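Okay, final28.pdb is below, PDB, C-alpha atoms, pLDDT in the B column:
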ATOM      1  CA  ALA A   1      85.347  47.237 -19.736  1.00 73.00           C
ATOM      2  CA  LEU A   2      86.436  50.157 -21.881  1.00 80.00           C
ATOM      3  CA  ASP A   3      88.296  51.716 -18.960  1.00 83.00           C
ATOM      4  CA  GLU A   4      90.404  48.564 -18.621  1.00 86.00           C
ATOM      5  CA  ILE A   5      91.039  48.448 -22.370  1.00 86.00           C
ATOM      6  CA  TRP A   6      92.247  52.058 -22.372  1.00 85.00           C
ATOM      7  CA  LYS A   7      94.551  51.208 -19.470  1.00 89.00           C
ATOM      8  CA  LEU A   8      96.125  48.556 -21.691  1.00 88.00           C
ATOM      9  CA  VAL A   9      96.440  51.086 -24.522  1.00 87.00           C
ATOM     10  CA  GLY A  10      98.077  53.537 -22.118  1.00 89.00           C
ATOM     11  CA  ARG A  11     100.522  50.870 -20.925  1.00 89.00           C
ATOM     12  CA  ALA A  12     101.456  50.085 -24.534  1.00 89.00           C
ATOM     13  CA  ASN A  13     102.171  53.764 -25.138  1.00 86.00           C
ATOM     14  CA  LYS A  14     104.315  53.858 -22.010  1.00 91.00           C
ATOM     15  CA  TYR A  15     106.168  50.748 -23.230  1.00 90.00           C
ATOM     16  CA  ILE A  16     107.107  52.668 -26.389  1.00 89.00           C
ATOM     17  CA  ASP A  17     108.432  55.565 -24.318  1.00 89.00           C
ATOM     18  CA  GLU A  18     110.400  53.200 -22.091  1.00 90.00           C
ATOM     19  CA  THR A  19     112.013  51.164 -24.869  1.00 89.00           C
ATOM     20  CA  THR A  20     112.644  53.999 -27.390  1.00 90.00           C
ATOM     21  CA  PRO A  21     112.476  51.865 -30.565  1.00 87.00           C
ATOM     22  CA  TRP A  22     113.316  54.914 -32.715  1.00 89.00           C
ATOM     23  CA  ALA A  23     116.692  55.090 -30.981  1.00 88.00           C
ATOM     24  CA  LEU A  24     117.328  51.340 -31.231  1.00 88.00           C
ATOM     25  CA  SER A  25     116.729  51.442 -34.997  1.00 88.00           C
ATOM     26  CA  LYS A  26     119.916  53.502 -35.380  1.00 89.00           C
ATOM     27  CA  ASP A  27     122.121  50.860 -33.699  1.00 87.00           C
ATOM     28  CA  GLU A  28     122.799  47.665 -35.665  1.00 88.00           C
ATOM     29  CA  SER A  29     123.716  45.815 -32.473  1.00 90.00           C
ATOM     30  CA  LYS A  30     120.207  46.467 -31.093  1.00 88.00           C
ATOM     31  CA  LYS A  31     118.263  45.011 -34.031  1.00 88.00           C
ATOM     32  CA  GLU A  32     117.281  41.862 -32.153  1.00 89.00           C
ATOM     33  CA  ARG A  33     116.038  43.894 -29.188  1.00 90.00           C
ATOM     34  CA  LEU A  34     114.146  46.187 -31.579  1.00 90.00           C
ATOM     35  CA  ALA A  35     112.484  43.210 -33.274  1.00 88.00           C
ATOM     36  CA  SER A  36     111.349  41.876 -29.889  1.00 89.00           C
ATOM     37  CA  ILE A  37     109.848  45.246 -28.917  1.00 89.00           C
ATOM     38  CA  LEU A  38     108.009  45.624 -32.223  1.00 88.00           C
ATOM     39  CA  TYR A  39     106.677  42.074 -31.931  1.00 87.00           C
ATOM     40  CA  ASN A  40     105.368  42.750 -28.426  1.00 88.00           C
ATOM     41  CA  LEU A  41     103.649  45.911 -29.656  1.00 90.00           C
ATOM     42  CA  CYS A  42     102.054  44.152 -32.640  1.00 87.00           C
ATOM     43  CA  GLU A  43     100.764  41.361 -30.401  1.00 89.00           C
ATOM     44  CA  THR A  44      99.405  43.886 -27.907  1.00 91.00           C
ATOM     45  CA  ILE A  45      97.653  45.801 -30.687  1.00 88.00           C
ATOM     46  CA  ARG A  46      96.179  42.523 -31.972  1.00 87.00           C
ATOM     47  CA  ILE A  47      94.732  41.820 -28.534  1.00 90.00           C
ATOM     48  CA  ILE A  48      93.409  45.385 -28.240  1.00 89.00           C
ATOM     49  CA  SER A  49      91.779  45.043 -31.663  1.00 89.00           C
ATOM     50  CA  VAL A  50      89.833  41.989 -30.494  1.00 89.00           C
ATOM     51  CA  LEU A  51      88.841  43.662 -27.220  1.00 90.00           C
ATOM     52  CA  ILE A  52      87.494  46.834 -28.866  1.00 86.00           C
ATOM     53  CA  SER A  53      85.654  45.036 -31.690  1.00 87.00           C
ATOM     54  CA  PRO A  54      82.236  45.150 -29.914  1.00 88.00           C
ATOM     55  CA  PHE A  55      82.623  48.903 -29.372  1.00 86.00           C
ATOM     56  CA  LEU A  56      84.393  49.911 -32.609  1.00 82.00           C
ATOM     57  CA  PRO A  57      83.274  47.252 -35.100  1.00 87.00           C
ATOM     58  CA  SER A  58      84.465  49.205 -38.153  1.00 84.00           C
ATOM     59  CA  THR A  59      87.879  50.030 -36.677  1.00 86.00           C
ATOM     60  CA  SER A  60      89.050  46.548 -35.665  1.00 87.00           C
ATOM     61  CA  PRO A  61      89.078  45.180 -39.245  1.00 87.00           C
ATOM     62  CA  LYS A  62      91.199  48.160 -40.329  1.00 89.00           C
ATOM     63  CA  ILE A  63      93.719  47.440 -37.567  1.00 87.00           C
ATOM     64  CA  ASN A  64      93.829  43.763 -38.532  1.00 84.00           C
ATOM     65  CA  SER A  65      94.313  44.634 -42.201  1.00 86.00           C
ATOM     66  CA  GLN A  66      97.187  47.023 -41.537  1.00 87.00           C
ATOM     67  CA  LEU A  67      98.963  44.487 -39.310  1.00 85.00           C
ATOM     68  CA  GLY A  68      98.274  41.568 -41.643  1.00 86.00           C
ATOM     69  CA  ILE A  69      96.594  39.634 -38.819  1.00 86.00           C
ATOM     70  CA  ASP A  70      95.185  36.250 -39.769  1.00 85.00           C
ATOM     71  CA  LYS A  71      91.424  35.935 -39.308  1.00 87.00           C
ATOM     72  CA  SER A  72      91.926  33.072 -36.859  1.00 88.00           C
ATOM     73  CA  LEU A  73      93.700  35.504 -34.519  1.00 87.00           C
ATOM     74  CA  THR A  74      90.764  37.934 -34.350  1.00 87.00           C
ATOM     75  CA  THR A  75      88.510  35.727 -32.229  1.00 87.00           C
ATOM     76  CA  TRP A  76      87.901  35.747 -28.498  1.00 90.00           C
ATOM     77  CA  GLU A  77      89.435  32.269 -28.315  1.00 89.00           C
ATOM     78  CA  SER A  78      92.719  33.697 -29.623  1.00 88.00           C
ATOM     79  CA  LEU A  79      93.104  35.703 -26.407  1.00 87.00           C
ATOM     80  CA  ASP A  80      93.962  32.673 -24.279  1.00 87.00           C
ATOM     81  CA  GLY A  81      97.672  33.460 -24.482  1.00 86.00           C
ATOM     82  CA  PHE A  82     100.261  36.084 -25.477  1.00 90.00           C
ATOM     83  CA  GLY A  83     102.556  35.512 -28.450  1.00 83.00           C
ATOM     84  CA  LYS A  84     100.241  34.291 -31.208  1.00 84.00           C
ATOM     85  CA  PHE A  85     101.094  37.057 -33.666  1.00 85.00           C
ATOM     86  CA  LYS A  86     102.999  35.432 -36.515  1.00 82.00           C
ATOM     87  CA  PRO A  87     106.612  36.678 -36.873  1.00 82.00           C
ATOM     88  CA  GLY A  88     107.614  37.869 -40.329  1.00 79.00           C
ATOM     89  CA  VAL A  89     104.182  39.151 -41.312  1.00 81.00           C
ATOM     90  CA  LYS A  90     104.450  42.248 -43.485  1.00 79.00           C
ATOM     91  CA  VAL A  91     102.553  45.226 -42.100  1.00 79.00           C
ATOM     92  CA  LYS A  92     101.293  48.034 -44.324  1.00 77.00           C
ATOM     93  CA  ARG A  93     100.775  51.716 -43.812  1.00 78.00           C
ATOM     94  CA  GLY A  94      97.104  52.685 -43.862  1.00 73.00           C
ATOM     95  CA  GLU A  95      94.918  55.565 -42.847  1.00 73.00           C
ATOM     96  CA  VAL A  96      95.427  57.160 -39.442  1.00 73.00           C
ATOM     97  CA  LEU A  97      92.707  55.536 -37.340  1.00 71.00           C
ATOM     98  CA  PHE A  98      92.968  57.801 -34.311  1.00 66.00           C
ATOM     99  CA  PRO A  99      94.381  61.168 -35.454  1.00 64.00           C
ATOM    100  CA  ARG A 100      95.999  63.309 -32.801  1.00 65.00           C
ATOM    101  CA  ILE A 101      93.847  66.300 -31.896  1.00 57.00           C
ATOM    102  CA  ASP A 102      95.554  69.660 -32.240  1.00 66.00           C
ATOM    103  CA  VAL A 103      94.206  71.174 -29.027  1.00 59.00           C
ATOM    104  CA  GLU A 104      95.869  74.548 -29.562  1.00 71.00           C
ATOM    105  CA  GLY A 105      94.544  74.695 -33.104  1.00 72.00           C
ATOM    106  CA  LYS A 106      91.017  73.802 -32.006  1.00 66.00           C
ATOM    107  CA  LEU A 107      91.105  76.458 -29.288  1.00 69.00           C
ATOM    108  CA  ALA A 108      92.278  79.012 -31.852  1.00 76.00           C
ATOM    109  CA  GLU A 109      89.382  78.051 -34.129  1.00 78.00           C
ATOM    110  CA  LEU A 110      86.925  78.445 -31.253  1.00 73.00           C
ATOM    111  CA  ASP A 111      88.393  81.873 -30.465  1.00 76.00           C
ATOM    112  CA  LYS A 112      87.879  82.941 -34.081  1.00 82.00           C
ATOM    113  CA  ILE A 113      84.283  81.690 -34.030  1.00 80.00           C
ATOM    114  CA  ARG A 114      83.598  83.532 -30.766  1.00 79.00           C
ATOM    115  CA  GLU A 115      85.175  86.732 -32.107  1.00 82.00           C
ATOM    116  CA  LYS A 116      83.082  86.483 -35.264  1.00 82.00           C
ATOM    117  CA  GLN A 117      79.889  85.962 -33.239  1.00 81.00           C
ATOM    118  CA  GLU A 118      80.714  88.914 -31.001  1.00 80.00           C
ATOM    119  CA  SER A 119      81.467  91.080 -34.045  1.00 80.00           C
ATOM    120  CA  GLU A 120      78.171  90.112 -35.679  1.00 80.00           C
ATOM    121  CA  ALA A 121      76.329  90.817 -32.434  1.00 77.00           C
ATOM    122  CA  ARG A 122      77.899  94.279 -32.250  1.00 77.00           C
ATOM    123  CA  LYS A 123      76.937  94.961 -35.864  1.00 75.00           C
ATOM    124  CA  GLU A 124      73.380  93.772 -35.170  1.00 72.00           C
ATOM    125  CA  ASP A 125      73.147  96.038 -32.129  1.00 67.00           C
ATOM    126  CA  ALA A 126      74.474  98.956 -34.159  1.00 66.00           C
ATOM    127  CA  THR A 127      72.033  98.250 -36.982  1.00 65.00           C
ATOM    128  CA  SER A 128      69.165  97.972 -34.505  1.00 60.00           C
ATOM    129  CA  GLY A 129      70.165 101.312 -33.009  1.00 58.00           C
ATOM    130  CA  ARG A 130      70.241 102.938 -36.429  1.00 57.00           C
ATOM    131  CA  ASP A 131      66.879 101.406 -37.313  1.00 56.00           C
ATOM    132  CA  ASN A 132      65.304 102.733 -34.116  1.00 58.00           C
ATOM    133  CA  LYS A 133      66.727 106.164 -34.810  1.00 54.00           C
ATOM    134  CA  ALA A 134      65.535 106.005 -38.402  1.00 51.00           C
ATOM    135  CA  GLU A 135      62.023 105.153 -37.236  1.00 55.00           C
ATOM    136  CA  GLN A 136      61.964 108.343 -35.217  1.00 61.00           C
ATOM    137  CA  THR A 137      63.448 110.576 -37.924  1.00 65.00           C
ATOM    138  CA  LYS A 138      62.234 109.186 -41.242  1.00 75.00           C
ATOM    139  CA  PRO A 139      62.236 111.859 -43.948  1.00 82.00           C
ATOM    140  CA  GLU A 140      59.102 113.237 -45.543  1.00 84.00           C
ATOM    141  CA  ILE A 141      58.002 111.752 -48.857  1.00 82.00           C
ATOM    142  CA  THR A 142      55.982 113.194 -51.696  1.00 87.00           C
ATOM    143  CA  MET A 143      52.741 111.880 -53.140  1.00 86.00           C
ATOM    144  CA  ASP A 144      54.793 110.633 -56.075  1.00 83.00           C
ATOM    145  CA  ASP A 145      56.876 108.549 -53.664  1.00 82.00           C
ATOM    146  CA  PHE A 146      53.749 107.098 -52.079  1.00 84.00           C
ATOM    147  CA  ALA A 147      52.238 106.413 -55.503  1.00 84.00           C
ATOM    148  CA  LYS A 148      55.129 104.055 -56.246  1.00 86.00           C
ATOM    149  CA  LEU A 149      53.689 101.592 -53.721  1.00 87.00           C
ATOM    150  CA  ASP A 150      51.181  99.158 -55.177  1.00 89.00           C
ATOM    151  CA  LEU A 151      48.982  98.481 -52.141  1.00 91.00           C
ATOM    152  CA  LYS A 152      46.168  95.986 -52.629  1.00 91.00           C
ATOM    153  CA  THR A 153      43.690  94.108 -50.491  1.00 92.00           C
ATOM    154  CA  ALA A 154      44.358  90.372 -50.308  1.00 92.00           C
ATOM    155  CA  LYS A 155      42.396  87.521 -48.743  1.00 93.00           C
ATOM    156  CA  VAL A 156      44.243  84.729 -46.935  1.00 93.00           C
ATOM    157  CA  THR A 157      43.147  81.408 -48.447  1.00 94.00           C
ATOM    158  CA  ALA A 158      45.792  79.135 -46.890  1.00 95.00           C
ATOM    159  CA  CYS A 159      48.426  79.452 -44.203  1.00 95.00           C
ATOM    160  CA  GLU A 160      51.036  77.245 -42.536  1.00 94.00           C
ATOM    161  CA  LYS A 161      54.067  77.546 -40.286  1.00 93.00           C
ATOM    162  CA  ILE A 162      57.493  77.268 -41.861  1.00 91.00           C
ATOM    163  CA  LYS A 163      59.464  74.347 -40.472  1.00 89.00           C
ATOM    164  CA  GLY A 164      62.437  75.342 -38.357  1.00 87.00           C
ATOM    165  CA  SER A 165      61.139  78.841 -37.616  1.00 88.00           C
ATOM    166  CA  ASP A 166      59.048  80.086 -34.710  1.00 88.00           C
ATOM    167  CA  LYS A 167      58.420  83.470 -36.354  1.00 90.00           C
ATOM    168  CA  LEU A 168      57.471  82.821 -39.970  1.00 92.00           C
ATOM    169  CA  LEU A 169      54.153  81.923 -41.587  1.00 93.00           C
ATOM    170  CA  LYS A 170      53.697  81.052 -45.255  1.00 95.00           C
ATOM    171  CA  LEU A 171      50.475  82.542 -46.623  1.00 94.00           C
ATOM    172  CA  GLN A 172      48.591  82.047 -49.876  1.00 95.00           C
ATOM    173  CA  LEU A 173      46.748  85.240 -50.809  1.00 94.00           C
ATOM    174  CA  ALA A 174      43.934  85.797 -53.284  1.00 93.00           C
ATOM    175  CA  VAL A 175      44.728  89.101 -55.008  1.00 92.00           C
ATOM    176  CA  GLY A 176      42.134  89.767 -57.674  1.00 86.00           C
ATOM    177  CA  GLY A 177      42.572  87.092 -60.305  1.00 86.00           C
ATOM    178  CA  GLU A 178      45.869  85.730 -59.014  1.00 91.00           C
ATOM    179  CA  THR A 179      47.309  83.921 -56.005  1.00 93.00           C
ATOM    180  CA  ARG A 180      50.394  85.244 -54.242  1.00 92.00           C
ATOM    181  CA  GLN A 181      52.661  83.456 -51.780  1.00 94.00           C
ATOM    182  CA  VAL A 182      53.971  85.677 -49.002  1.00 93.00           C
ATOM    183  CA  VAL A 183      56.174  84.852 -46.010  1.00 93.00           C
ATOM    184  CA  SER A 184      55.497  86.973 -42.932  1.00 92.00           C
ATOM    185  CA  GLY A 185      57.094  87.126 -39.468  1.00 90.00           C
ATOM    186  CA  ILE A 186      53.824  87.089 -37.519  1.00 91.00           C
ATOM    187  CA  ALA A 187      53.788  83.523 -36.183  1.00 91.00           C
ATOM    188  CA  LYS A 188      54.224  84.613 -32.558  1.00 90.00           C
ATOM    189  CA  GLN A 189      51.042  86.709 -32.717  1.00 90.00           C
ATOM    190  CA  TYR A 190      48.890  84.698 -35.136  1.00 91.00           C
ATOM    191  CA  THR A 191      48.310  80.997 -35.760  1.00 93.00           C
ATOM    192  CA  PRO A 192      47.622  79.663 -39.262  1.00 93.00           C
ATOM    193  CA  GLU A 193      43.996  79.145 -38.195  1.00 94.00           C
ATOM    194  CA  ASP A 194      43.762  82.808 -37.137  1.00 91.00           C
ATOM    195  CA  MET A 195      44.832  83.959 -40.572  1.00 91.00           C
ATOM    196  CA  ILE A 196      42.454  81.977 -42.783  1.00 93.00           C
ATOM    197  CA  GLY A 197      39.800  84.298 -44.223  1.00 90.00           C
ATOM    198  CA  LYS A 198      41.396  87.578 -43.130  1.00 90.00           C
ATOM    199  CA  THR A 199      41.610  90.435 -45.615  1.00 91.00           C
ATOM    200  CA  VAL A 200      45.004  92.102 -45.303  1.00 92.00           C
ATOM    201  CA  ILE A 201      46.936  94.856 -47.056  1.00 92.00           C
ATOM    202  CA  LEU A 202      49.619  93.649 -49.479  1.00 92.00           C
ATOM    203  CA  VAL A 203      52.574  95.607 -50.852  1.00 91.00           C
ATOM    204  CA  ALA A 204      52.225  93.945 -54.234  1.00 90.00           C
ATOM    205  CA  ASN A 205      55.167  95.451 -56.112  1.00 90.00           C
ATOM    206  CA  LEU A 206      57.851  94.669 -53.531  1.00 87.00           C
ATOM    207  CA  LYS A 207      60.842  92.850 -55.013  1.00 90.00           C
ATOM    208  CA  PRO A 208      60.491  89.077 -54.352  1.00 90.00           C
ATOM    209  CA  ILE A 209      62.818  87.545 -51.769  1.00 90.00           C
ATOM    210  CA  LYS A 210      63.474  84.066 -50.378  1.00 89.00           C
ATOM    211  CA  LEU A 211      63.044  83.378 -46.636  1.00 88.00           C
ATOM    212  CA  ARG A 212      63.971  79.983 -45.151  1.00 87.00           C
ATOM    213  CA  GLY A 213      63.936  78.587 -48.664  1.00 88.00           C
ATOM    214  CA  GLU A 214      60.436  79.897 -49.448  1.00 90.00           C
ATOM    215  CA  ASP A 215      59.681  82.561 -52.070  1.00 92.00           C
ATOM    216  CA  SER A 216      57.859  85.652 -50.835  1.00 92.00           C
ATOM    217  CA  PHE A 217      56.133  87.825 -53.442  1.00 93.00           C
ATOM    218  CA  GLY A 218      55.295  90.935 -51.479  1.00 92.00           C
ATOM    219  CA  MET A 219      54.691  91.904 -47.871  1.00 91.00           C
ATOM    220  CA  ILE A 220      51.589  92.277 -45.723  1.00 92.00           C
ATOM    221  CA  LEU A 221      51.334  95.358 -43.536  1.00 91.00           C
ATOM    222  CA  ALA A 222      51.395  95.205 -39.742  1.00 89.00           C
ATOM    223  CA  ALA A 223      51.863  97.723 -36.959  1.00 89.00           C
ATOM    224  CA  GLU A 224      54.564  97.114 -34.345  1.00 84.00           C
ATOM    225  CA  GLY A 225      54.537  98.273 -30.744  1.00 82.00           C
ATOM    226  CA  ASP A 226      56.260  96.965 -27.620  1.00 79.00           C
ATOM    227  CA  GLY A 227      57.737  94.150 -29.672  1.00 76.00           C
ATOM    228  CA  LYS A 228      54.310  92.920 -30.813  1.00 83.00           C
ATOM    229  CA  LEU A 229      52.789  92.924 -34.288  1.00 85.00           C
ATOM    230  CA  SER A 230      49.190  93.702 -35.208  1.00 88.00           C
ATOM    231  CA  LEU A 231      47.921  93.192 -38.753  1.00 88.00           C
ATOM    232  CA  VAL A 232      46.399  95.999 -40.768  1.00 87.00           C
ATOM    233  CA  THR A 233      43.029  94.571 -41.860  1.00 86.00           C
ATOM    234  CA  MET A 234      39.830  95.880 -43.472  1.00 84.00           C
ATOM    235  CA  ASP A 235      36.809  96.856 -41.340  1.00 76.00           C
ATOM    236  CA  SER A 236      34.332  95.899 -44.084  1.00 78.00           C
ATOM    237  CA  ASP A 237      34.071  93.358 -46.887  1.00 80.00           C
ATOM    238  CA  ILE A 238      35.951  94.446 -49.974  1.00 84.00           C
ATOM    239  CA  ALA A 239      36.976  92.479 -53.017  1.00 88.00           C
ATOM    240  CA  PRO A 240      40.507  91.028 -52.992  1.00 88.00           C
ATOM    241  CA  GLY A 241      42.776  92.951 -55.343  1.00 86.00           C
ATOM    242  CA  SER A 242      41.235  96.348 -54.605  1.00 87.00           C
ATOM    243  CA  SER A 243      43.707  99.233 -54.609  1.00 86.00           C
ATOM    244  CA  VAL A 244      44.522 100.925 -51.309  1.00 85.00           C
ATOM    245  CA  ARG A 245      45.054 104.705 -51.392  1.00 79.00           C
TER     246      ARG A 245
END
Encoded form using structure tokens:
Amino acid sequence: ALDEIWKLVGRANKYIDETTPWALSKDESKKERLASILYNLCETIRIISVLISPFLPSTSPKINSQLGIDKSLTTWESLDGFGKFKPGVKVKRGEVLFPRIDVEGKLAELDKIREKQESEARKEDATSGRDNKAEQTKPEITMDDFAKLDLKTAKVTACEKIKGSDKLLKLQLAVGGETRQVVSGIAKQYTPEDMIGKTVILVANLKPIKLRGEDSFGMILAAEGDGKLSLVTMDSDIAPGSSVR
């Protein structure tokens, strides 16, 4: 049904091209011909408005309003003949219902998006390369540097996956007399059930950050190899909040 309706729309567009009403409007002797063409177009649009109403129920009333179409001419029964649009009705300019798509502009936008993505990918690759190199050639530190880290044991009391992420877990940690929330990218190696009850090592004085909208107050230590993570845990029971040296 829609295919046939769009054929009618296409024929109406062709009718405009064939009759060139913009040219007729400049010739006083063609005013009667111009009026006839505009009437035919208004009547055709009225009919199209009725036909598309089941598919575009919010658009048809806007068409009818702009053309000043009487409600009685918006029914299926009003389609039993051509020429029911009332002459002399004042039409009004409204919003553009079907804006023309700027194809060239859209393609240019897509090109910019693709270029940005490629640029970000190159930066990520470069950063990854620098990180790998840094891992191999990290400078020596002094005991004073190491002493700046506040490493403590922490027991996982609650854990859940963060919605929208396949890497992040949100953990609640008992650290001495306080509870800390930490977000960690270990979800591919550990389930929330795996984590409950584990005693892990927490970098307690790390500056808080927000990940996927969740606050993270510290970081738990894990070793990485071959793209996999393995938590650093305690081999014996020790009280949460104990210092690690």
Got a sec: who's within 12 Å of Pro87 of chain A, counting only C-alpha atoms, leaving out chain neighbours fewer than 2 positions off, as number ranges by chain?
-> A: 35-36, 38-40, 42-43, 67-70, 83-85, 89-91
Please provide the set of residues having any atom within 10 Å of segment 7-14 of chain A, restricted to only C-alpha atoms, with same-chain residues fewer than 3 positions apart removed, written as a PDB file with C-alpha atoms, keeping the file's coordinate frame.
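Done, and the output landed in result-v5.pdb:
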ATOM      1  CA  LEU A   2      86.436  50.157 -21.881  1.00 80.00           C
ATOM      2  CA  ASP A   3      88.296  51.716 -18.960  1.00 83.00           C
ATOM      3  CA  GLU A   4      90.404  48.564 -18.621  1.00 86.00           C
ATOM      4  CA  ASP A  17     108.432  55.565 -24.318  1.00 89.00           C
ATOM      5  CA  GLU A  18     110.400  53.200 -22.091  1.00 90.00           C
ATOM      6  CA  THR A  19     112.013  51.164 -24.869  1.00 89.00           C
ATOM      7  CA  THR A  20     112.644  53.999 -27.390  1.00 90.00           C
ATOM      8  CA  ASN A  40     105.368  42.750 -28.426  1.00 88.00           C
ATOM      9  CA  LEU A  41     103.649  45.911 -29.656  1.00 90.00           C
ATOM     10  CA  THR A  44      99.405  43.886 -27.907  1.00 91.00           C
ATOM     11  CA  ILE A  45      97.653  45.801 -30.687  1.00 88.00           C
ATOM     12  CA  ILE A  47      94.732  41.820 -28.534  1.00 90.00           C
ATOM     13  CA  ILE A  48      93.409  45.385 -28.240  1.00 89.00           C
TER      14      ILE A  48
END
Can I get the residues of segment 142-167 of chain A within 12 Å of segment 210-220 of chain A, each with the closest pair of atoms and their distance in Å to one decimal, using only C-alpha atoms, sorted chain first then ascending number, as JSON lines?
{"residue": "A:Leu149", "atom": "CA", "partner": "A:Gly218", "partner_atom": "CA", "distance": 11.0}
{"residue": "A:Asp150", "atom": "CA", "partner": "A:Gly218", "partner_atom": "CA", "distance": 9.9}
{"residue": "A:Leu151", "atom": "CA", "partner": "A:Ile220", "partner_atom": "CA", "distance": 9.3}
{"residue": "A:Lys152", "atom": "CA", "partner": "A:Ile220", "partner_atom": "CA", "distance": 9.5}
{"residue": "A:Thr153", "atom": "CA", "partner": "A:Ile220", "partner_atom": "CA", "distance": 9.4}
{"residue": "A:Ala154", "atom": "CA", "partner": "A:Ile220", "partner_atom": "CA", "distance": 8.8}
{"residue": "A:Lys155", "atom": "CA", "partner": "A:Ile220", "partner_atom": "CA", "distance": 10.8}
{"residue": "A:Val156", "atom": "CA", "partner": "A:Ile220", "partner_atom": "CA", "distance": 10.6}
{"residue": "A:Glu160", "atom": "CA", "partner": "A:Glu214", "partner_atom": "CA", "distance": 12.0}
{"residue": "A:Lys161", "atom": "CA", "partner": "A:Arg212", "partner_atom": "CA", "distance": 11.3}
{"residue": "A:Ile162", "atom": "CA", "partner": "A:Arg212", "partner_atom": "CA", "distance": 7.8}
{"residue": "A:Lys163", "atom": "CA", "partner": "A:Arg212", "partner_atom": "CA", "distance": 8.6}
{"residue": "A:Gly164", "atom": "CA", "partner": "A:Arg212", "partner_atom": "CA", "distance": 8.4}
{"residue": "A:Ser165", "atom": "CA", "partner": "A:Arg212", "partner_atom": "CA", "distance": 8.1}
{"residue": "A:Asp166", "atom": "CA", "partner": "A:Arg212", "partner_atom": "CA", "distance": 11.5}
{"residue": "A:Lys167", "atom": "CA", "partner": "A:Arg212", "partner_atom": "CA", "distance": 11.0}
Which residues would end up in the selection if the PyMOL selection byres ((chain A and resi 198) around 12) were applied here, given that I need the answer as a PDB file with C-alpha atoms, in the coordinates of the input?
ATOM      1  CA  THR A 153      43.690  94.108 -50.491  1.00 92.00           C
ATOM      2  CA  ALA A 154      44.358  90.372 -50.308  1.00 92.00           C
ATOM      3  CA  LYS A 155      42.396  87.521 -48.743  1.00 93.00           C
ATOM      4  CA  VAL A 156      44.243  84.729 -46.935  1.00 93.00           C
ATOM      5  CA  THR A 157      43.147  81.408 -48.447  1.00 94.00           C
ATOM      6  CA  ALA A 158      45.792  79.135 -46.890  1.00 95.00           C
ATOM      7  CA  CYS A 159      48.426  79.452 -44.203  1.00 95.00           C
ATOM      8  CA  LEU A 171      50.475  82.542 -46.623  1.00 94.00           C
ATOM      9  CA  GLN A 172      48.591  82.047 -49.876  1.00 95.00           C
ATOM     10  CA  LEU A 173      46.748  85.240 -50.809  1.00 94.00           C
ATOM     11  CA  ALA A 174      43.934  85.797 -53.284  1.00 93.00           C
ATOM     12  CA  TYR A 190      48.890  84.698 -35.136  1.00 91.00           C
ATOM     13  CA  PRO A 192      47.622  79.663 -39.262  1.00 93.00           C
ATOM     14  CA  GLU A 193      43.996  79.145 -38.195  1.00 94.00           C
ATOM     15  CA  ASP A 194      43.762  82.808 -37.137  1.00 91.00           C
ATOM     16  CA  MET A 195      44.832  83.959 -40.572  1.00 91.00           C
ATOM     17  CA  ILE A 196      42.454  81.977 -42.783  1.00 93.00           C
ATOM     18  CA  GLY A 197      39.800  84.298 -44.223  1.00 90.00           C
ATOM     19  CA  THR A 199      41.610  90.435 -45.615  1.00 91.00           C
ATOM     20  CA  VAL A 200      45.004  92.102 -45.303  1.00 92.00           C
ATOM     21  CA  ILE A 201      46.936  94.856 -47.056  1.00 92.00           C
ATOM     22  CA  ILE A 220      51.589  92.277 -45.723  1.00 92.00           C
ATOM     23  CA  LEU A 231      47.921  93.192 -38.753  1.00 88.00           C
ATOM     24  CA  VAL A 232      46.399  95.999 -40.768  1.00 87.00           C
ATOM     25  CA  THR A 233      43.029  94.571 -41.860  1.00 86.00           C
ATOM     26  CA  MET A 234      39.830  95.880 -43.472  1.00 84.00           C
ATOM     27  CA  ASP A 235      36.809  96.856 -41.340  1.00 76.00           C
ATOM     28  CA  SER A 236      34.332  95.899 -44.084  1.00 78.00           C
ATOM     29  CA  ASP A 237      34.071  93.358 -46.887  1.00 80.00           C
ATOM     30  CA  ILE A 238      35.951  94.446 -49.974  1.00 84.00           C
ATOM     31  CA  ALA A 239      36.976  92.479 -53.017  1.00 88.00           C
ATOM     32  CA  PRO A 240      40.507  91.028 -52.992  1.00 88.00           C
TER      33      PRO A 240
END
Judged by all atoms listed in the file, the minimum distance to Gly241 of chain A among A:Ala223, A:Gly94, A:Pro208, A:Val175 is found for A:Val175
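Note that the spacing between atom CA of Tyr15 of chain A and atom CA of Gly81 of chain A amounts to 19.3 Å.
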What does the distance from atom CA of Thr142 of chain A to atom CA of Ser243 of chain A come to in Å, to one decimal?
-> 18.8 Å
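A straight line drawn from atom CA of Ser53 of chain A to atom CA of Gln66 of chain A is 15.3 Å long.
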Complete segment 207-211 of chain A with N, CA and C atoms (output as a PDB file, in the coordinates of the input).
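part.pdb, written as the output of this step:
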ATOM      1  N   LYS A 207      59.966  93.813 -54.348  1.00 90.00           N
ATOM      2  CA  LYS A 207      60.842  92.850 -55.013  1.00 90.00           C
ATOM      3  C   LYS A 207      60.795  91.509 -54.283  1.00 90.00           C
ATOM      4  N   PRO A 208      60.567  90.397 -55.005  1.00 90.00           N
ATOM      5  CA  PRO A 208      60.491  89.077 -54.352  1.00 90.00           C
ATOM      6  C   PRO A 208      61.795  88.728 -53.636  1.00 90.00           C
ATOM      7  N   ILE A 209      61.662  88.035 -52.516  1.00 90.00           N
ATOM      8  CA  ILE A 209      62.818  87.545 -51.769  1.00 90.00           C
ATOM      9  C   ILE A 209      62.565  86.107 -51.358  1.00 90.00           C
ATOM     10  N   LYS A 210      63.598  85.444 -50.852  1.00 89.00           N
ATOM     11  CA  LYS A 210      63.474  84.066 -50.378  1.00 89.00           C
ATOM     12  C   LYS A 210      63.787  84.049 -48.884  1.00 89.00           C
ATOM     13  N   LEU A 211      62.872  83.488 -48.079  1.00 88.00           N
ATOM     14  CA  LEU A 211      63.044  83.378 -46.636  1.00 88.00           C
ATOM     15  C   LEU A 211      62.915  81.921 -46.227  1.00 88.00           C
TER      16      LEU A 211
END
